[in-house]
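Student: This is my_file-v2.txt, which holds compact mmCIF, C-alpha atoms:
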# COMPACT_ATOMS: atom_id res chain seq x y z
CA MET A 9 26.00 3.29 30.66
CA ALA A 10 24.11 1.43 33.39
CA GLU A 11 21.72 4.34 33.77
CA SER A 12 21.15 4.45 30.02
CA SER A 13 20.52 0.70 29.94
CA GLY A 14 18.08 0.96 32.81
CA SER A 15 16.27 3.79 31.08
CA SER A 16 15.96 1.71 27.90
CA TRP A 17 14.50 -1.19 29.82
CA ARG A 18 12.06 1.09 31.66
CA ARG A 19 10.90 2.37 28.25
CA ALA A 20 10.64 -1.22 27.10
CA GLY A 21 8.48 -2.00 30.12
CA PHE A 22 6.18 0.96 29.52
CA ALA A 23 5.82 0.18 25.83
CA GLY A 24 5.29 -3.48 26.59
CA ALA A 25 2.44 -2.57 28.89
CA ALA A 26 0.92 -0.30 26.25
CA ILE A 27 1.25 -2.93 23.56
CA GLY A 28 -0.32 -5.45 25.90
CA VAL A 29 -3.35 -3.24 26.42
CA LEU A 30 -3.70 -2.55 22.70
CA ALA A 31 -3.44 -6.26 21.91
CA ALA A 32 -6.06 -7.24 24.45
CA GLY A 33 -8.60 -8.11 21.78
CA ALA A 34 -6.31 -10.67 20.20
CA ALA A 35 -5.04 -11.93 23.53
CA ALA A 36 -8.58 -12.44 24.83
CA GLY A 37 -9.15 -15.21 22.32
CA VAL A 38 -5.94 -16.88 23.41
CA ALA A 39 -6.96 -16.56 27.05
CA VAL A 40 -10.25 -18.32 26.38
CA GLU A 41 -8.38 -21.12 24.64
CA ARG A 42 -6.10 -21.43 27.68
CA LEU A 43 -9.15 -22.10 29.85
CA THR A 44 -10.42 -24.86 27.62
CA VAL A 45 -7.33 -26.48 26.18
CA GLY A 46 -4.35 -27.51 28.29
CA ARG A 47 -0.94 -26.05 27.50
CA SER A 48 0.59 -29.49 26.95
CA VAL A 49 -2.17 -30.29 24.46
CA ARG A 50 -1.42 -27.09 22.54
CA GLN A 51 2.29 -27.84 22.55
CA LYS A 52 1.66 -31.35 21.23
CA ALA A 53 -0.60 -29.94 18.53
CA ARG A 54 2.11 -27.51 17.41
CA LEU A 55 4.70 -30.27 17.33
CA ALA A 56 2.35 -32.48 15.31
CA LEU A 57 1.73 -29.69 12.81
CA ASP A 58 5.47 -29.02 12.57
CA ALA A 59 6.14 -32.68 11.89
CA THR A 60 3.41 -33.24 9.32
CA GLY A 61 2.80 -29.80 7.81
CA PRO A 62 3.38 -30.02 4.04
CA TYR A 63 4.23 -26.35 3.57
CA GLY A 64 7.62 -24.75 3.05
CA GLY A 65 9.40 -27.86 1.84
CA LEU A 66 9.83 -26.91 -1.82
CA ARG A 67 13.48 -26.41 -2.74
CA GLY A 68 15.15 -25.39 -5.97
CA THR A 69 18.67 -25.14 -7.32
CA PRO A 70 20.47 -22.97 -4.75
CA GLY A 71 22.63 -19.98 -5.53
CA ARG A 72 24.33 -17.11 -3.77
CA ALA A 73 24.40 -13.44 -4.69
CA LEU A 74 26.72 -10.94 -3.05
CA ALA A 75 25.20 -7.62 -2.01
CA ASP A 76 27.30 -4.47 -2.41
CA ASP A 77 28.08 -4.47 1.33
CA GLY A 78 29.21 -8.11 1.29
CA THR A 79 26.02 -9.71 2.57
CA VAL A 80 25.45 -13.19 1.13
CA LEU A 81 21.94 -13.50 -0.30
CA HIS A 82 20.44 -16.96 -0.78
CA TYR A 83 18.23 -17.66 -3.78
CA GLU A 84 16.78 -20.74 -5.44
CA VAL A 85 15.84 -21.31 -9.07
CA ASP A 86 13.08 -23.56 -10.37
CA GLU A 87 13.75 -24.20 -14.04
CA VAL A 88 11.19 -25.06 -16.71
CA GLU A 89 10.68 -28.81 -17.01
CA ALA A 90 10.67 -29.96 -20.62
CA ASP A 91 8.45 -32.90 -19.74
CA ALA A 92 6.00 -31.05 -17.49
CA PRO A 93 2.55 -32.65 -17.81
CA PRO A 94 0.55 -30.87 -20.54
CA ALA A 95 -2.55 -30.85 -18.34
CA ARG A 96 -0.80 -28.58 -15.83
CA ARG A 97 0.26 -26.19 -18.57
CA ARG A 98 -3.28 -26.04 -19.93
CA ARG A 99 -4.73 -25.48 -16.47
CA LEU A 100 -2.67 -22.33 -15.90
CA PHE A 101 -2.00 -20.94 -19.34
CA GLY A 102 -4.35 -22.43 -21.93
CA ARG A 103 -2.66 -24.54 -24.59
CA ARG A 104 0.25 -22.25 -25.41
CA GLU A 105 3.78 -22.84 -24.13
CA PRO A 106 5.23 -20.26 -21.72
CA ALA A 107 7.80 -17.95 -23.29
CA PRO A 108 11.31 -17.70 -21.80
CA VAL A 109 10.81 -15.45 -18.77
CA THR A 110 11.96 -15.42 -15.17
CA VAL A 111 9.42 -14.68 -12.45
CA VAL A 112 11.18 -13.30 -9.36
CA PHE A 113 9.42 -13.48 -5.98
CA SER A 114 10.34 -11.13 -3.11
CA HIS A 115 8.92 -11.87 0.34
CA GLY A 116 7.82 -9.67 3.21
CA TYR A 117 9.08 -8.59 6.64
CA CYS A 118 9.71 -11.44 9.10
CA LEU A 119 8.95 -14.03 6.40
CA ASN A 120 11.11 -15.89 3.89
CA GLN A 121 10.87 -17.25 0.35
CA ASP A 122 8.66 -20.13 1.53
CA SER A 123 5.79 -17.68 2.05
CA TRP A 124 5.14 -18.14 -1.70
CA HIS A 125 4.70 -21.91 -1.23
CA PHE A 126 1.38 -22.26 -3.06
CA GLN A 127 2.32 -20.03 -6.00
CA ARG A 128 5.68 -21.80 -6.29
CA ALA A 129 3.95 -25.19 -6.35
CA ALA A 130 1.52 -24.05 -9.05
CA LEU A 131 4.18 -22.55 -11.34
CA ARG A 132 6.87 -25.13 -10.61
CA GLY A 133 8.32 -26.51 -13.82
CA LEU A 134 6.02 -24.43 -16.02
CA VAL A 135 7.94 -21.14 -15.96
CA ARG A 136 11.38 -20.24 -14.66
CA THR A 137 11.12 -18.78 -11.16
CA VAL A 138 13.55 -17.29 -8.66
CA HIS A 139 12.78 -17.19 -4.94
CA TRP A 140 15.18 -15.39 -2.62
CA ASP A 141 15.52 -14.59 1.06
CA GLN A 142 15.93 -10.94 1.96
CA ARG A 143 19.01 -10.12 4.02
CA SER A 144 18.88 -11.44 7.60
CA HIS A 145 15.85 -13.56 6.70
CA GLY A 146 15.60 -17.25 5.85
CA ARG A 147 18.84 -18.71 4.52
CA SER A 148 20.46 -15.38 3.64
CA GLY A 149 23.29 -13.99 5.71
CA HIS A 150 22.84 -11.40 8.42
CA GLY A 151 23.09 -7.94 6.89
CA ALA A 152 26.75 -6.91 6.94
CA SER A 153 25.81 -3.24 7.27
CA GLN A 154 23.67 -4.04 10.30
CA ALA A 155 26.33 -6.06 12.17
CA GLY A 156 28.43 -4.88 15.08
CA PRO A 157 28.25 -1.83 17.34
CA ASP A 158 28.31 0.54 14.37
CA GLY A 159 25.57 -1.29 12.49
CA VAL A 160 22.90 0.80 10.81
CA PRO A 161 19.21 0.04 10.32
CA VAL A 162 18.40 -1.41 6.96
CA SER A 163 16.67 0.80 4.38
CA ILE A 164 14.22 -0.02 1.63
CA ASP A 165 16.76 1.41 -0.84
CA ARG A 166 19.28 -1.14 0.44
CA LEU A 167 16.77 -3.92 -0.27
CA GLY A 168 16.32 -2.61 -3.81
CA ARG A 169 20.07 -2.94 -4.36
CA ASP A 170 19.95 -6.44 -2.89
CA LEU A 171 17.30 -7.42 -5.43
CA LYS A 172 19.50 -6.06 -8.22
CA ALA A 173 22.34 -8.28 -6.98
CA VAL A 174 20.03 -11.30 -7.03
CA LEU A 175 18.87 -10.49 -10.57
CA ASP A 176 22.47 -10.11 -11.75
CA ALA A 177 23.32 -13.54 -10.34
CA ALA A 178 20.15 -15.55 -10.97
CA ALA A 179 18.62 -13.91 -14.05
CA PRO A 180 21.27 -11.83 -15.82
CA GLU A 181 19.36 -11.78 -19.11
CA GLY A 182 15.88 -12.25 -20.51
CA PRO A 183 12.50 -10.79 -19.62
CA LEU A 184 11.45 -10.50 -15.98
CA VAL A 185 8.20 -10.48 -14.05
CA LEU A 186 8.69 -9.02 -10.57
CA VAL A 187 6.42 -10.16 -7.74
CA GLY A 188 6.60 -8.63 -4.27
CA HIS A 189 4.57 -9.03 -1.10
CA SER A 190 4.54 -6.34 1.60
CA MET A 191 8.21 -5.39 2.19
CA GLY A 192 8.99 -7.34 -0.99
CA GLY A 193 6.72 -5.01 -2.96
CA MET A 194 8.56 -2.05 -1.46
CA THR A 195 11.82 -3.72 -2.53
CA VAL A 196 10.53 -3.88 -6.11
CA MET A 197 9.65 -0.17 -5.96
CA ALA A 198 13.13 0.66 -4.66
CA LEU A 199 14.65 -1.33 -7.54
CA ALA A 200 12.58 0.71 -10.00
CA GLU A 201 13.64 4.00 -8.44
CA GLN A 202 17.36 3.15 -8.55
CA TYR A 203 17.49 1.17 -11.81
CA PRO A 204 14.82 2.59 -14.14
CA GLU A 205 16.74 1.36 -17.18
CA LEU A 206 16.41 -2.24 -15.94
CA ILE A 207 12.65 -1.82 -15.67
CA ARG A 208 12.50 -0.26 -19.13
CA ASP A 209 14.68 -2.83 -20.85
CA ARG A 210 13.79 -6.13 -19.18
CA VAL A 211 10.69 -6.06 -16.96
CA VAL A 212 7.49 -7.15 -18.69
CA GLY A 213 5.13 -7.37 -15.71
CA VAL A 214 4.85 -6.48 -12.02
CA ALA A 215 2.70 -7.85 -9.18
CA LEU A 216 2.43 -5.83 -5.96
CA VAL A 217 0.69 -7.86 -3.25
CA GLY A 218 -0.40 -6.48 0.12
CA THR A 219 2.10 -3.65 -0.03
CA SER A 220 2.36 0.14 0.20
CA ALA A 221 4.06 3.03 -1.58
CA GLY A 222 4.28 5.06 1.63
CA LYS A 223 2.43 6.73 4.51
CA LEU A 224 2.79 3.67 6.70
CA GLY A 225 2.95 5.98 9.69
CA GLU A 226 -0.81 6.43 9.30
CA VAL A 227 -1.61 2.71 9.71
CA THR A 228 -3.46 1.96 12.98
CA TYR A 229 -3.31 -1.87 12.78
CA GLY A 230 -7.00 -1.96 13.71
CA LEU A 231 -6.26 -0.40 17.12
CA PRO A 232 -7.22 2.92 18.81
CA LEU A 233 -5.35 5.81 17.19
CA ALA A 234 -4.18 7.43 20.45
CA GLY A 235 -2.68 4.18 21.72
CA VAL A 236 -0.98 3.45 18.41
CA ASN A 237 0.62 6.90 18.34
CA ALA A 238 1.92 6.46 21.88
CA VAL A 239 3.45 3.09 21.08
CA ARG A 240 4.88 4.34 17.78
CA ARG A 241 6.81 7.08 19.56
CA VAL A 242 8.66 4.69 21.88
CA LEU A 243 8.79 1.52 19.80
CA PRO A 244 12.08 2.19 17.91
CA GLY A 245 13.93 2.68 21.21
CA VAL A 246 12.23 -0.33 22.72
CA LEU A 247 13.20 -2.55 19.79
CA ARG A 248 16.82 -1.38 20.04
CA ALA A 249 16.83 -2.25 23.74
CA LEU A 250 15.26 -5.64 23.08
CA GLY A 251 17.64 -6.32 20.20
CA SER A 252 20.59 -5.79 22.52
CA GLN A 253 19.27 -8.57 24.76
CA ALA A 254 18.30 -10.97 21.98
CA GLU A 255 18.89 -14.21 23.89
CA LEU A 256 16.73 -13.12 26.81
CA VAL A 257 13.99 -11.90 24.49
CA GLU A 258 13.97 -15.12 22.48
CA ARG A 259 13.43 -17.10 25.68
CA GLY A 260 10.53 -14.83 26.49
CA ARG A 261 9.03 -15.33 23.05
CA ARG A 262 9.15 -19.09 23.50
CA ALA A 263 7.55 -18.82 26.94
CA THR A 264 4.66 -16.75 25.55
CA ALA A 265 4.17 -18.77 22.35
CA ASP A 266 0.40 -18.98 22.83
CA LEU A 267 -0.02 -15.21 22.98
CA PHE A 268 2.19 -14.65 19.96
CA ALA A 269 0.32 -17.34 18.03
CA GLY A 270 -2.92 -15.44 18.62
CA LEU A 271 -1.38 -12.13 17.55
CA ILE A 272 0.21 -13.65 14.46
CA LYS A 273 -3.10 -15.16 13.41
CA LYS A 274 -4.94 -11.88 13.96
CA TYR A 275 -2.52 -9.87 11.86
CA SER A 276 -1.93 -12.50 9.17
CA PHE A 277 -5.39 -13.82 8.35
CA ALA A 278 -9.00 -12.68 8.26
CA SER A 279 -10.81 -15.96 7.58
CA LYS A 280 -12.35 -17.87 10.46
CA ASP A 281 -11.48 -21.24 8.96
CA VAL A 282 -7.77 -20.91 8.11
CA ASP A 283 -6.13 -24.33 7.85
CA PRO A 284 -4.31 -24.86 11.19
CA ALA A 285 -1.30 -26.19 9.28
CA VAL A 286 -1.14 -22.95 7.25
CA ALA A 287 -1.48 -20.85 10.41
CA ARG A 288 1.30 -22.80 12.10
CA PHE A 289 3.44 -22.47 8.96
CA ALA A 290 3.11 -18.68 9.18
CA GLU A 291 3.97 -18.78 12.88
CA ARG A 292 7.15 -20.73 12.20
CA MET A 293 8.36 -18.23 9.62
CA ILE A 294 7.68 -15.25 11.87
CA GLU A 295 9.07 -16.94 14.98
CA SER A 296 12.30 -17.68 13.10
CA THR A 297 13.04 -13.97 12.63
CA PRO A 298 15.38 -12.90 15.47
CA ILE A 299 14.42 -9.84 17.50
CA ASP A 300 17.58 -7.97 16.45
CA VAL A 301 16.49 -8.36 12.82
CA VAL A 302 13.02 -7.09 13.68
CA ALA A 303 14.66 -4.07 15.33
CA ALA A 304 17.05 -3.37 12.45
CA PHE A 305 14.32 -3.36 9.81
CA TYR A 306 11.52 -1.56 11.63
CA PRO A 307 12.66 2.07 11.07
CA ALA A 308 12.73 1.54 7.30
CA PHE A 309 8.95 1.45 7.06
CA ALA A 310 8.37 4.87 8.59
CA GLU A 311 10.78 6.36 6.04
CA HIS A 312 9.40 4.43 3.06
CA ASP A 313 8.02 6.68 0.31
CA LYS A 314 8.16 5.28 -3.21
CA ALA A 315 5.02 6.71 -4.79
CA ALA A 316 7.10 8.51 -7.42
CA ALA A 317 8.92 5.28 -8.30
CA LEU A 318 5.66 3.71 -9.47
CA ALA A 319 5.88 5.82 -12.65
CA ALA A 320 8.45 3.30 -13.93
CA PHE A 321 5.64 0.71 -14.14
CA ARG A 322 3.15 2.91 -15.97
CA GLU A 323 3.59 1.24 -19.37
CA LEU A 324 3.66 -2.31 -17.96
CA PRO A 325 0.96 -4.82 -17.04
CA VAL A 326 0.62 -4.49 -13.26
CA LEU A 327 -1.34 -6.51 -10.72
CA ALA A 328 -2.16 -4.66 -7.48
CA LEU A 329 -3.72 -7.14 -5.07
CA ALA A 330 -4.58 -7.07 -1.36
CA GLY A 331 -6.83 -8.65 1.23
CA ASP A 332 -9.87 -6.62 2.17
CA ASN A 333 -9.09 -6.94 5.88
CA ASP A 334 -5.31 -6.46 5.84
CA LEU A 335 -4.43 -4.76 9.15
CA VAL A 336 -0.71 -4.41 8.34
CA THR A 337 -0.79 -2.76 4.91
CA PRO A 338 -4.49 -1.92 4.47
CA SER A 339 -6.12 -2.42 1.10
CA SER A 340 -6.48 1.37 0.81
CA HIS A 341 -2.71 1.45 0.20
CA THR A 342 -3.10 -0.96 -2.71
CA GLU A 343 -5.95 1.17 -4.03
CA ALA A 344 -3.62 4.19 -3.83
CA ILE A 345 -1.04 2.30 -5.89
CA ALA A 346 -3.68 1.45 -8.50
CA ALA A 347 -4.77 5.11 -8.60
CA LEU A 348 -1.23 6.05 -9.63
CA LEU A 349 -1.21 3.22 -12.20
CA PRO A 350 -4.64 3.53 -13.84
CA ASP A 351 -4.04 0.60 -16.20
CA ALA A 352 -3.19 -1.77 -13.35
CA GLU A 353 -5.53 -4.60 -12.47
CA LEU A 354 -6.82 -3.91 -8.95
CA VAL A 355 -7.93 -6.99 -7.03
CA ILE A 356 -9.23 -6.83 -3.45
CA VAL A 357 -9.68 -10.38 -2.15
CA PRO A 358 -12.68 -10.78 0.19
CA ASP A 359 -12.22 -12.24 3.67
CA ALA A 360 -8.44 -11.99 3.44
CA GLY A 361 -5.71 -10.57 5.65
CA HIS A 362 -2.06 -9.68 5.17
CA LEU A 363 -0.86 -13.14 4.18
CA VAL A 364 -3.39 -13.35 1.36
CA MET A 365 -1.17 -15.62 -0.76
CA LEU A 366 -1.35 -18.27 2.00
CA GLU A 367 -4.93 -17.62 3.05
CA HIS A 368 -6.48 -17.59 -0.45
CA PRO A 369 -3.73 -19.10 -2.60
CA GLU A 370 -5.89 -19.95 -5.60
CA ALA A 371 -7.12 -16.37 -5.97
CA VAL A 372 -3.55 -15.04 -5.92
CA THR A 373 -2.19 -17.75 -8.24
CA ASP A 374 -5.01 -17.19 -10.74
CA ARG A 375 -4.26 -13.49 -10.96
CA LEU A 376 -0.50 -14.10 -11.23
CA ALA A 377 -1.04 -16.58 -14.06
CA ASP A 378 -3.26 -14.05 -15.81
CA LEU A 379 -0.55 -11.39 -15.36
CA LEU A 380 1.89 -13.70 -17.16
CA VAL A 381 -0.55 -13.92 -20.05
CA ARG A 382 -1.14 -10.16 -20.14
CA SER A 383 2.58 -9.41 -19.96
CA GLY A 384 3.30 -11.61 -22.98
CA ALA A 385 5.37 -13.98 -20.87
CA VAL A 386 2.80 -16.56 -21.90
CA PRO A 387 1.43 -15.96 -25.42
CA ALA A 388 -2.30 -15.41 -25.61
CA GLY A 389 -4.25 -17.52 -28.03
CA GLU A 390 -6.62 -20.20 -26.89
CA GLY A 391 -7.96 -18.61 -23.75
CA PHE A 392 -7.04 -18.78 -20.09
CA ARG A 393 -8.11 -21.59 -17.82
CA THR A 394 -7.07 -22.25 -14.26
CA ARG A 395 -9.30 -25.23 -13.47
Here is a file; write its structure as structure tokens.
Tutor:
Amino acid sequence: MAESSGSSWRRAGFAGAAIGVLAAGAAAGVAVERLTVGRSVRQKARLALDATGPYGGLRGTPGRALADDGTVLHYEVDEVEADAPPARRRRLFGRREPAPVTVVFSHGYCLNQDSWHFQRAALRGLVRTVHWDQRSHGRSGHGASQAGPDGVPVSIDRLGRDLKAVLDAAAPEGPLVLVGHSMGGMTVMALAEQYPELIRDRVVGVALVGTSAGKLGEVTYGLPLAGVNAVRRVLPGVLRALGSQAELVERGRRATADLFAGLIKKYSFASKDVDPAVARFAERMIESTPIDVVAAFYPAFAEHDKAAALAAFRELPVLALAGDNDLVTPSSHTEAIAALLPDAELVIVPDAGHLVMLEHPEAVTDRLADLLVRSGAVPAGEGFRTR
């Protein structure tokens, strides 16, 4: 056992060195900042942003859904406000009243429901929305199937069943619009594959944001192909080793916060002028995901292949949207989704990275509001205005 543990940590060291070399471009910017801005100043700036940042504070009526393996899934509902200001309704939907519909938002890997902050704020009170935390993320319980020595890595199919449990609890009847970002989009695809009758009978619109139907093993993350392939071969074992020493790893993450902040910014955003409060908000969400959760979920992406499941959306209004400089799920994957759904609206947002809904929130909210009109969730009539 000791020899096996030592071998795992040697692999972790080798992979860590490789990852460090591959990440040199991102780390270089952090290193320059270190030379010009003192560490205590950076720490104070982060604390100030944490204290005053306005993002992630929206809360709704809480609820709990029980997954089929016993995992408790946290969701929140924002109901329609009867006295919502008419001007807000007109801004998003023209002069017509929204029809009874529930818009369900599924978030991505290492994030939580608050990643939809801007879209939630825009739709709040105007349409019924459900925001939920995927298992082991946010306020949801740690995945029961992943717990203990016999725990198994999570699968995208498992997440699809989780979403079904949330729908049964939070929106058991009425039309649905399903919105998913990154892993959340994959979750929506898994739901469609396992419950095609639900899609046929109740879903009136789908938005797939910065996501992929498969072939994620071909993604290079903007790095040299040979180096990526080398890291990819050892990374699952490395993550398992790190996950078994979670407390030690978390201390290391805190000690290298500056480096991780640079990497998070590189892989989340493409704009040069991202609001520092938004960037710090993204950091907090990603930092809050424990390393054992990162390890448990990672293998699911290599196995993900849901291109065939997209057929369930063929007769529906679909929005396929991505940032043009997404290094995590490149926009070519969104284009591939649109190619399989020729009637889908394909939107590639300029100067945008993986967290496009935080980086360019108005662009994403505009297209979501338009999807609600096209899906019949909001009756068409007097035009569509967002400003």
Student: Which residues, written as a list of chain:residue names, have at least one atom at most 10 Å from Asp283 of chain A, with all atoms listed in the file counted and residues fewer than 6 positions away on the same chain left out?
Tutor: A:Phe289, A:Leu366, A:Glu367
Student: For the point (23.5, -12.5, -4.2) in file coordinates, what residues are within 7 Å, counting all atoms listed in the file? Give the answer as an mmCIF file with C-alpha atoms, keeping the file's coordinate frame?
Tutor:
data_model
loop_
_atom_site.group_PDB
_atom_site.id
_atom_site.type_symbol
_atom_site.label_atom_id
_atom_site.label_comp_id
_atom_site.auth_asym_id
_atom_site.auth_seq_id
_atom_site.Cartn_x
_atom_site.Cartn_y
_atom_site.Cartn_z
ATOM 1 C CA ARG A 72 24.330 -17.110 -3.770
ATOM 2 C CA ALA A 73 24.400 -13.440 -4.690
ATOM 3 C CA LEU A 74 26.720 -10.940 -3.050
ATOM 4 C CA ALA A 75 25.200 -7.620 -2.010
ATOM 5 C CA VAL A 80 25.450 -13.190 1.130
ATOM 6 C CA LEU A 81 21.940 -13.500 -0.300
ATOM 7 C CA HIS A 82 20.440 -16.960 -0.780
ATOM 8 C CA ALA A 173 22.340 -8.280 -6.980
ATOM 9 C CA VAL A 174 20.030 -11.300 -7.030
ATOM 10 C CA ALA A 177 23.320 -13.540 -10.340
#
Student: Separation of atom CA of Asp158 of chain A and atom CA of Val196 of chain A, in Å?
Tutor: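 Taking atom CA of Asp158 of chain A as the start and atom CA of Val196 of chain A as the end point, the length is 27.5 Å.
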Student: Excluding Gly71 of chain A and its own-chain neighbours fewer than 3 positions away, which residues fall within 8 Å of it when counting all atoms listed in the file? Please give them as a list of chain:residue names.
Tutor: A:His82, A:Tyr83, A:Glu84, A:Val85, A:Ala178
Student: List as a list in words the protein and nucleic acid residues near Ser296 of chain A, meaning an atom at most 10 Å away when all atoms listed in the file are counted, but skip any in the same chain fewer than 6 places from it.
Tutor: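 Those residues are Cys118, Leu119, Asn120, His145, Gly146 and Glu258 of chain A.
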Student: Output C-alpha atoms for every residue in the selection just made, as a CSV table (one decimal), keeping the file's coordinate frame.
Tutor:
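Heads up, here's the output in out-v1.csv:
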chain,number,residue,atom,x,y,z
A,118,CYS,CA,9.7,-11.4,9.1
A,119,LEU,CA,9.0,-14.0,6.4
A,120,ASN,CA,11.1,-15.9,3.9
A,145,HIS,CA,15.8,-13.6,6.7
A,146,GLY,CA,15.6,-17.2,5.8
A,258,GLU,CA,14.0,-15.1,22.5
Student: Might you pull out every residue within 12 Å of Leu184 of chain A, with only C-alpha atoms counted and same-chain residues fewer than 3 positions away left off, and present them as a PyMOL selection string?
Tutor: chain A and resi 107-113+135-138+175-176+178-181+187+196+206-215+324-325+380+383-385
Student: May I have the residues within 12 Å of His115 of chain A as number ranges by chain, using all atoms listed in the file and disregarding those fewer than 2 positions away in the same chain?
Tutor: A: 83, 112-113, 117-125, 138-143, 145-146, 167, 171, 186-196, 216-219, 293, 363, 365
Student: How many Å lie between atom CA of Ala346 of chain A and atom CA of Ala328 of chain A, rounded to one decimal?
Tutor: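 Taking atom CA of Ala346 of chain A as the start and atom CA of Ala328 of chain A as the end point, the length is 6.4 Å.
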Student: Record the distance separating atom CA of Ala221 of chain A and atom CA of Ala200 of chain A, expressed in Å with one decimal.
Tutor: 12.2 Å
Student: Between A:Leu329, A:Leu100, A:Ala304, A:Ala320, which residue has the minimum interatomic distance to Arg132 of chain A, considering all atoms listed in the file?
Tutor: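 For Arg132 of chain A, the nearest of the given residues is A:Leu100.
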Student: Which residue, A:Thr79, A:Ser114, A:Thr342, A:Thr373, has the smallest gap to His150 of chain A when you use all atoms listed in the file?
Tutor: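 So, comparing all the options, the nearest one is A:Thr79.
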Student: From the list A:Ala198, A:Leu224, A:Val282, A:Val336, which residue is nearest Glu311 of chain A when using only C-alpha atoms?
Tutor: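 Among the listed residues, A:Leu224 lies closest to Glu311 of chain A.
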Student: Taking all atoms listed in the file into account, name the residue in A:Leu199, A:Leu327, A:Val301, A:Val286 that is nearest to Gly149 of chain A.
Tutor: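 Looking at the shortest contact to Gly149 of chain A, the residue is A:Val301.
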Student: Which residue is closest to Ala310 of chain A? Choose from A:Ala155, A:Phe126, A:Val227, A:Asp91 and count only C-alpha atoms.
Tutor: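 Counting only C-alpha atoms, the residue closest to Ala310 of chain A is A:Val227.
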